[in-house]
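Okay, my_file_1.cif is below, mmCIF, C-alpha atoms and all ligand atoms:
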data_work
loop_
_atom_site.label_atom_id
_atom_site.label_comp_id
_atom_site.auth_asym_id
_atom_site.auth_seq_id
_atom_site.Cartn_x
_atom_site.Cartn_y
_atom_site.Cartn_z
CA MET K 1 17.75 -53.10 -13.08
CA LYS K 2 19.49 -52.56 -9.74
CA LYS K 3 19.20 -56.29 -9.04
CA THR K 4 20.95 -57.10 -12.34
CA ILE K 5 23.83 -54.77 -11.55
CA ILE K 6 24.33 -56.20 -8.06
CA ARG K 7 24.16 -59.75 -9.39
CA GLY K 8 26.66 -58.88 -12.14
CA GLY K 9 29.08 -57.38 -9.61
CA LEU K 10 28.89 -60.38 -7.32
CA GLU K 11 29.36 -62.78 -10.24
CA THR K 12 32.40 -60.86 -11.46
CA LEU K 13 34.01 -60.87 -8.04
CA TYR K 14 33.35 -64.58 -7.63
CA PHE K 15 34.37 -65.89 -11.04
CA SER K 16 37.41 -63.61 -11.31
CA GLY K 17 38.65 -64.98 -7.98
CA LEU K 18 39.21 -61.36 -7.04
CA HIS K 19 37.44 -61.88 -3.72
CA HIS K 20 40.25 -64.30 -2.69
CA LEU K 21 42.97 -61.82 -3.60
CA MET K 22 41.20 -59.01 -1.79
CA ARG K 23 40.59 -60.94 1.39
CA PRO K 24 43.72 -59.98 3.36
CA LEU K 25 42.94 -56.35 2.56
CA VAL K 26 39.19 -56.22 3.09
CA GLY K 27 38.30 -59.43 4.94
CA GLY K 28 38.35 -58.11 8.49
CA VAL K 29 37.94 -60.40 11.50
CA GLY K 30 34.45 -61.74 10.83
CA SER K 31 30.92 -60.86 9.91
CA ILE K 32 27.34 -60.83 11.14
CA LEU K 33 24.67 -62.25 8.85
CA THR K 34 21.11 -60.86 8.78
CA LEU K 35 18.17 -63.12 8.01
CA HIS K 36 14.41 -62.61 8.29
CA HIS K 37 11.92 -65.24 7.06
CA VAL K 38 12.95 -68.83 6.41
CA ARG K 39 10.28 -70.81 4.52
CA PRO K 40 9.75 -72.87 1.37
CA PRO K 41 9.33 -70.89 -1.84
CA ARG K 42 5.79 -69.70 -2.69
CA PRO K 43 4.41 -69.66 -6.24
CA ASP K 44 2.92 -66.11 -6.20
CA ALA K 45 4.32 -63.87 -8.94
CA PHE K 46 3.86 -60.71 -6.88
CA GLN K 47 6.25 -60.97 -3.91
CA PRO K 48 7.84 -57.57 -3.44
CA ASN K 49 9.21 -58.56 -0.02
CA ARG K 50 10.85 -61.75 -1.22
CA LEU K 51 14.29 -60.33 -0.49
CA LEU K 52 13.42 -60.86 3.19
CA GLU K 53 13.13 -64.64 2.92
CA VAL K 54 15.35 -67.59 2.14
CA THR K 55 14.39 -71.23 1.75
CA PRO K 56 15.22 -73.91 4.34
CA VAL K 57 17.28 -75.68 1.63
CA PHE K 58 19.41 -72.57 1.13
CA LEU K 59 19.86 -72.08 4.87
CA GLU K 60 20.92 -75.70 5.35
CA LYS K 61 23.53 -75.38 2.58
CA LEU K 62 24.87 -72.28 4.28
CA LEU K 63 25.05 -73.96 7.69
CA LYS K 64 26.75 -77.04 6.22
CA ARG K 65 29.31 -74.86 4.50
CA LEU K 66 29.99 -72.91 7.69
CA LYS K 67 30.38 -76.17 9.62
CA ARG K 68 33.01 -77.38 7.15
CA SER K 69 34.84 -74.05 6.93
CA ARG K 70 37.50 -72.68 9.27
CA THR K 71 35.11 -69.88 10.21
CA GLU K 72 33.66 -70.25 13.71
CA VAL K 73 29.98 -69.57 14.30
CA ILE K 74 29.77 -67.75 17.64
CA SER K 75 27.23 -65.98 19.85
CA LEU K 76 26.98 -62.18 20.16
CA ASP K 77 28.40 -62.38 23.70
CA GLU K 78 31.43 -64.28 22.42
CA MET K 79 31.87 -61.75 19.61
CA HIS K 80 31.75 -58.96 22.19
CA ARG K 81 34.35 -60.75 24.32
CA ARG K 82 36.67 -61.10 21.33
CA PHE K 83 36.45 -57.38 20.61
CA ILE K 84 37.12 -56.46 24.24
CA ASN K 85 40.05 -58.91 24.56
CA ASN K 86 41.34 -58.26 21.05
CA ASP K 87 41.16 -62.02 20.48
CA PHE K 88 40.92 -62.59 16.74
CA LYS K 89 42.81 -65.84 16.20
CA ARG K 90 39.98 -67.33 14.15
CA ARG K 91 37.60 -65.72 11.75
CA PHE K 92 34.01 -65.74 13.02
CA VAL K 93 30.45 -65.28 11.91
CA CYS K 94 27.32 -64.48 13.94
CA LEU K 95 23.91 -65.55 12.69
CA THR K 96 21.10 -63.11 13.43
CA PHE K 97 17.38 -63.38 12.67
CA ASP K 98 15.29 -60.21 12.84
CA ASP K 99 11.66 -59.70 13.93
CA GLY K 100 10.90 -63.16 15.41
CA TYR K 101 8.79 -64.85 12.72
CA LYS K 102 6.92 -68.11 13.29
CA ASP K 103 8.52 -69.58 10.17
CA PHE K 104 11.87 -69.23 11.95
CA VAL K 105 10.69 -71.69 14.63
CA ARG K 106 9.30 -74.11 12.07
CA TRP K 107 12.07 -74.07 9.44
CA ALA K 108 15.28 -72.46 10.70
CA TYR K 109 15.45 -73.45 14.36
CA PRO K 110 15.53 -77.25 13.71
CA LEU K 111 18.47 -76.71 11.33
CA LEU K 112 20.35 -74.53 13.82
CA ARG K 113 19.88 -77.25 16.43
CA LYS K 114 20.92 -79.97 14.01
CA TYR K 115 24.20 -78.19 13.30
CA GLN K 116 24.48 -76.87 16.88
CA MET K 117 24.99 -73.27 15.79
CA PRO K 118 24.48 -70.37 18.18
CA PHE K 119 22.28 -67.57 16.84
CA ALA K 120 20.46 -64.41 17.88
CA ALA K 121 16.80 -63.48 17.45
CA TYR K 122 15.93 -59.78 17.68
CA ILE K 123 12.38 -59.22 18.92
CA ALA K 124 10.28 -56.06 18.52
CA THR K 125 8.02 -56.45 21.54
CA SER K 126 4.88 -55.05 19.90
CA PHE K 127 4.91 -58.10 17.60
CA PRO K 128 4.23 -60.77 20.27
CA ASP K 129 1.97 -58.17 21.95
CA ARG K 130 -0.01 -58.32 18.66
CA LEU K 131 0.02 -54.52 18.29
CA GLY K 132 2.84 -54.36 15.74
CA GLU K 133 2.41 -52.77 12.33
CA LEU K 134 4.22 -54.74 9.64
CA TRP K 135 3.44 -51.90 7.26
CA TRP K 136 5.51 -53.23 4.33
CA LEU K 137 3.29 -56.34 4.26
CA ALA K 138 0.11 -54.27 4.60
CA VAL K 139 1.09 -52.25 1.51
CA GLU K 140 1.80 -55.50 -0.35
CA ALA K 141 -1.65 -56.86 0.62
CA VAL K 142 -3.47 -53.70 -0.50
CA ILE K 143 -1.80 -53.85 -3.92
CA ALA K 144 -2.24 -57.63 -4.25
CA GLN K 145 -5.98 -57.46 -3.51
CA ASN K 146 -6.89 -54.47 -5.69
CA THR K 147 -6.66 -53.45 -9.35
CA ARG K 148 -6.66 -49.73 -8.62
CA VAL K 149 -5.25 -48.04 -5.52
CA GLY K 150 -5.77 -44.47 -4.35
CA LEU K 151 -3.21 -42.81 -2.14
CA LEU K 152 -3.04 -39.42 -0.49
CA ILE K 153 0.24 -37.90 -1.66
CA ASP K 154 1.13 -34.46 -0.31
CA GLY K 155 -2.53 -33.88 0.52
CA LYS K 156 -3.74 -34.87 -2.97
CA GLN K 157 -5.63 -38.08 -3.69
CA GLN K 158 -3.97 -39.92 -6.60
CA PHE K 159 -5.06 -43.17 -8.24
CA PHE K 160 -2.87 -45.91 -9.69
CA GLU K 161 -3.83 -48.88 -11.87
CA CYS K 162 -2.39 -52.19 -10.71
CA ARG K 163 -3.92 -55.01 -12.72
CA SER K 164 -0.89 -56.91 -13.97
CA VAL K 165 1.93 -58.32 -11.89
CA ARG K 166 4.24 -55.83 -13.53
CA GLU K 167 2.00 -52.89 -12.55
CA LYS K 168 1.74 -54.25 -9.03
CA ARG K 169 5.51 -54.51 -8.72
CA GLU K 170 6.00 -50.99 -10.04
CA LEU K 171 3.33 -49.57 -7.77
CA TYR K 172 4.83 -51.32 -4.75
CA GLU K 173 8.25 -49.85 -5.56
CA ALA K 174 6.73 -46.40 -5.97
CA ILE K 175 4.68 -46.46 -2.78
CA TYR K 176 7.51 -48.04 -0.78
CA GLY K 177 9.91 -45.38 -2.07
CA TYR K 178 7.43 -42.63 -1.26
CA LEU K 179 6.89 -43.94 2.28
CA ARG K 180 10.61 -44.23 2.92
CA SER K 181 11.09 -40.66 1.69
CA LEU K 182 8.75 -39.24 4.35
CA LYS K 183 10.49 -37.25 7.06
CA THR K 184 8.98 -38.97 10.08
CA GLU K 185 7.88 -42.48 10.91
CA ASP K 186 4.57 -41.05 12.19
CA GLU K 187 3.75 -39.70 8.71
CA LEU K 188 4.57 -43.08 7.19
CA ARG K 189 2.33 -44.92 9.64
CA ALA K 190 -0.53 -42.45 9.06
CA VAL K 191 -0.44 -43.03 5.28
CA VAL K 192 -0.37 -46.81 5.72
CA ARG K 193 -3.19 -46.80 8.31
CA ASP K 194 -5.28 -44.71 5.93
CA LEU K 195 -4.54 -47.11 3.07
CA CYS K 196 -5.48 -50.11 5.25
CA ALA K 197 -8.74 -48.47 6.36
CA THR K 198 -9.71 -47.64 2.75
CA TYR K 199 -9.00 -51.15 1.44
CA SER K 200 -10.13 -53.16 4.48
CA VAL K 201 -6.75 -54.62 5.36
CA GLU K 202 -6.33 -55.22 9.08
CA ILE K 203 -2.79 -54.15 9.82
CA ALA K 204 -2.50 -56.10 13.10
CA SER K 205 -3.33 -59.37 11.31
CA PHE K 206 0.20 -59.68 9.94
CA CYS K 207 1.95 -59.86 13.29
CA ARG K 208 -0.78 -62.19 14.59
CA GLU K 209 -0.29 -64.61 11.69
CA LEU K 210 3.44 -64.32 11.12
CA CYS K 211 5.21 -63.48 14.39
CA MET K 212 6.04 -65.68 17.35
CA ASP K 213 3.83 -65.31 20.39
CA TRP K 214 5.27 -64.86 23.88
CA GLN K 215 5.15 -68.58 24.71
CA GLU K 216 7.16 -69.40 21.59
CA ILE K 217 9.74 -66.75 22.49
CA ILE K 218 9.97 -68.02 26.08
CA ASP K 219 10.48 -71.61 24.83
CA LEU K 220 13.13 -70.49 22.36
CA ALA K 221 14.97 -68.40 24.97
CA ALA K 222 15.44 -71.50 27.15
CA ASP K 223 17.89 -72.96 24.59
CA PRO K 224 21.54 -72.09 25.36
CA LEU K 225 22.13 -71.70 21.60
CA VAL K 226 19.91 -68.61 21.45
CA THR K 227 20.55 -64.98 22.34
CA ILE K 228 17.38 -62.91 22.48
CA GLY K 229 18.11 -59.33 21.46
CA ALA K 230 16.00 -56.19 21.62
CA HIS K 231 14.58 -54.69 18.42
CA THR K 232 12.64 -51.76 20.00
CA VAL K 233 8.92 -51.82 20.84
CA ASN K 234 7.24 -50.46 17.71
CA HIS K 235 9.82 -51.24 15.04
CA LYS K 236 10.22 -47.60 14.01
CA MET K 237 13.05 -46.18 11.96
CA LEU K 238 14.54 -44.43 14.98
CA LYS K 239 16.30 -41.74 13.01
CA LYS K 240 12.84 -40.64 11.85
CA VAL K 241 11.63 -40.18 15.42
CA PRO K 242 12.35 -36.51 16.25
CA ASP K 243 12.26 -36.74 20.05
CA ASP K 244 15.44 -38.10 21.72
CA SER K 245 13.54 -39.36 24.75
CA ALA K 246 11.13 -41.32 22.53
CA VAL K 247 14.10 -43.02 20.86
CA ARG K 248 15.55 -43.87 24.25
CA ALA K 249 12.17 -45.20 25.43
CA GLU K 250 11.84 -47.46 22.35
CA MET K 251 15.15 -49.15 23.20
CA GLU K 252 14.76 -49.16 26.98
CA MET K 253 11.13 -50.33 27.05
CA SER K 254 11.72 -53.22 24.68
CA ARG K 255 14.60 -54.38 26.85
CA ALA K 256 12.47 -54.09 30.02
CA VAL K 257 9.55 -55.99 28.48
CA LEU K 258 11.84 -58.79 27.26
CA GLU K 259 13.50 -58.95 30.68
CA ALA K 260 10.11 -59.22 32.40
CA ALA K 261 9.00 -62.02 30.06
CA LEU K 262 12.25 -64.00 29.93
CA GLY K 263 13.86 -63.26 33.29
CA ARG K 264 17.01 -62.12 31.56
CA ARG K 265 17.96 -58.65 30.37
CA PRO K 266 18.97 -58.50 26.71
CA ASP K 267 22.47 -57.09 26.15
CA HIS K 268 22.19 -56.72 22.39
CA LEU K 269 20.09 -54.53 20.09
CA ALA K 270 19.21 -54.33 16.40
CA TYR K 271 17.95 -51.04 14.95
CA PRO K 272 14.71 -51.54 12.97
CA VAL K 273 15.28 -51.32 9.20
CA GLY K 274 18.80 -50.35 10.23
CA ASP K 275 20.17 -48.58 7.15
CA ALA K 276 21.71 -45.09 7.27
CA THR K 277 18.26 -43.43 7.02
CA SER K 278 17.01 -45.41 10.04
CA ALA K 279 19.89 -45.34 12.53
CA GLY K 280 22.68 -42.80 12.89
CA PRO K 281 25.08 -41.29 15.41
CA ARG K 282 22.29 -40.28 17.85
CA GLU K 283 20.97 -43.86 17.97
CA PHE K 284 24.50 -45.31 18.31
CA ARG K 285 25.16 -42.97 21.26
CA ILE K 286 21.87 -43.71 23.04
CA ALA K 287 22.33 -47.50 22.67
CA ALA K 288 25.81 -47.17 24.19
CA GLU K 289 24.51 -44.95 27.02
CA LEU K 290 21.85 -47.56 27.80
CA GLY K 291 24.60 -50.14 28.23
CA PHE K 292 23.92 -52.41 25.26
CA LYS K 293 27.06 -54.46 24.65
CA THR K 294 26.47 -54.41 20.89
CA ALA K 295 23.94 -52.95 18.48
CA VAL K 296 23.68 -53.88 14.82
CA THR K 297 22.63 -51.92 11.74
CA THR K 298 21.92 -53.21 8.25
CA ARG K 299 24.69 -51.05 6.80
CA PRO K 300 26.57 -53.55 4.64
CA GLY K 301 30.04 -54.57 5.74
CA VAL K 302 32.28 -57.05 7.50
CA LEU K 303 33.83 -56.45 10.93
CA PHE K 304 37.28 -55.01 11.54
CA LYS K 305 39.26 -54.65 14.77
CA ALA K 306 38.45 -50.94 14.64
CA HIS K 307 34.78 -51.73 15.29
CA ARG K 308 35.81 -52.21 18.92
CA ASP K 309 35.27 -48.45 19.25
CA HIS K 310 31.90 -48.63 17.46
CA LEU K 311 30.21 -51.63 19.04
CA THR K 312 26.78 -50.00 18.82
CA ALA K 313 27.18 -49.29 15.09
CA LEU K 314 28.07 -52.68 13.69
CA PRO K 315 27.50 -53.49 10.00
CA ARG K 316 25.93 -56.74 8.82
CA ILE K 317 25.70 -58.80 5.65
CA SER K 318 22.09 -59.26 4.54
CA VAL K 319 21.29 -62.72 3.26
CA ASN K 320 19.07 -61.47 0.45
CA GLY K 321 16.33 -63.81 -0.79
CA GLU K 322 16.68 -62.41 -4.31
CA PHE K 323 20.25 -63.74 -4.46
CA GLN K 324 20.06 -67.24 -3.03
CA GLN K 325 23.39 -68.43 -4.34
CA GLN K 326 26.10 -69.61 -1.96
CA ARG K 327 28.73 -67.98 -4.17
CA TYR K 328 27.22 -64.52 -3.71
CA LEU K 329 27.32 -64.97 0.03
CA LYS K 330 30.94 -66.14 -0.18
CA VAL K 331 31.89 -62.91 -1.93
CA LEU K 332 29.96 -60.78 0.56
CA MET K 333 31.44 -62.56 3.59
CA SER K 334 34.93 -62.23 2.12
CA GLY K 335 34.41 -58.47 2.48
CA ALA K 336 35.11 -57.89 -1.21
CA GLY K 337 31.56 -56.98 -2.25
CA THR K 338 30.97 -54.59 0.62
CA ALA K 339 34.44 -53.00 0.31
CA PHE K 340 33.37 -51.63 -3.06
CA TRP K 341 30.06 -50.50 -1.59
CA ASN K 342 31.86 -48.69 1.26
CA GLY K 343 34.55 -47.17 -0.95
CA PHE K 344 37.12 -49.24 1.02
CA ARG K 345 36.26 -47.41 4.24
CA ARG K 346 36.33 -49.91 7.10
CA VAL K 347 34.14 -48.21 9.66
CA ASN K 348 31.03 -46.30 8.68
CA ALA K 349 29.42 -44.93 11.84
CA ALA K 350 28.54 -41.41 10.71
ZN ZN K 401 13.11 -55.70 11.87
#
I'd like the structure from this file rewritten - as structure tokens, please.
Amino acid sequence: MKKTIIRGGLETLYFSGLHHLMRPLVGGVGSILTLHHVRPPRPDAFQPNRLLEVTPVFLEKLLKRLKRSRTEVISLDEMHRRFINNDFKRRFVCLTFDDGYKDFVRWAYPLLRKYQMPFAAYIATSFPDRLGELWWLAVEAVIAQNTRVGLLIDGKQQFFECRSVREKRELYEAIYGYLRSLKTEDELRAVVRDLCATYSVEIASFCRELCMDWQEIIDLAADPLVTIGAHTVNHKMLKKVPDDSAVRAEMEMSRAVLEAALGRRPDHLAYPVGDATSAGPREFRIAAELGFKTAVTTRPGVLFKAHRDHLTALPRISVNGEFQQQRYLKVLMSGAGTAFWNGFRRVNAA
């Protein structure tokens, strides 16, 4: 339902041409795109995390279009310089890839090299350390492999049927929503660990199979096109970590570990998950105190000059795998789609 409404809105903005008319008003100075997995489409009917992946064909179309356009693709350092020097002669876009997946190296990296486009990869250091918990994929696996799933909700064991694809999708939505509603990340992890133990899913297997190892990250970092950014150690929704010093340690430790491995200290950070329930004013302040030049959220929006005063609370445009149409992305990058979302507020750092 929600998907249909979003699609309808994007179509209306595109086909009405309204996004062109709105551009001087809402277009800002540039945008940062968020991507996760890049890989060929898979046939499975149950893919609740498909929004996190785009196909290599889609990515290549996007890169080609950017190459032809007047928009410049620049690195995070160059974006930072433009904000500091108030240098906005040309509209820009930054390409960012979160989490450091192996499919990035196989499918996206060759295209970025082909078109010579700078990009950033944000690495949660527990992933190459093989201790990371990609809990959203663990939940997907539990539901995919079972026809009935029991879950401890508010101390009570409840059972859910999930035979058909439709039931599986609904159950995933329900469990995902429940997990995201929990007050702390520790509670969320405890429920998922329990689920994995009950249904024999090894949670560490996902980062082992899907995420780059240290050698791959070291090789990638040697390319001048790449900026390696920090993405915390344990990929927690920081706003759901009660202790300030633990939040600080997540940011600081991931930067120190990356510096030790790569010989270069990352200047840029991405907050895990990154929406308003995962990163807020406390996180923006701590990232600034730690000296990160920029930090990005997943709050939707394009960049305005005013973001100069909020460089650790930058919005991004998610390249959503459910909407792999260049025209949707055009509308989003024009700022028109997100202007409606943000009620025409330019900066949202509260
Ligand atoms: Zn992430």
Environment of ligand ZN 401 (chain K) within 9 Å, counting only C-alpha atoms and all ligand atoms, reported as a PyMOL selection string: chain K and resi 36+97-100+122-124+231+235-236+270-274
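Nearest residue to Leu238 in chain K among K:Ala276, K:Ile218, K:Ala306, K:Leu314 is K:Ala276, counting all atoms listed in the file.
Restricting the calculation to all atoms listed in the file, the smallest distance between Glu209 in chain K and any of K:Val29, K:Leu137, K:Ala221, K:Ile317 is found for K:Leu137.
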For Ala108 in chain K: contacts at 9 Å, all atoms listed in the file, fewer than 4 positions along chain excluded, given as a ChimeraX atom specification: /K:37-39,56,59-60,103-104,112-113
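Counting all atoms listed in the file and comparing K:Asp275, K:Ile286, K:Lys239, K:Leu33, the residue that lies closest to Met251 in chain K is K:Ile286.
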K:Gln47, K:Thr71, K:Gln215, K:Asn320 ranked by distance to Leu35 in chain K, top pick (using all atoms listed in the file): K:Asn320
Which of K:Arg346, K:His268, K:Arg81, K:Lys102 sits closest to Cys211 in chain K [using only C-alpha atoms]: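 That would be K:Lys102, the residue with the smallest distance to Cys211 in chain K.
For the residues K:Phe83, K:Phe159, K:Phe292, K:Phe119, ranking by smallest atom-to-atom distance to Leu225 in chain K using all atoms listed in the file places K:Phe119 first.
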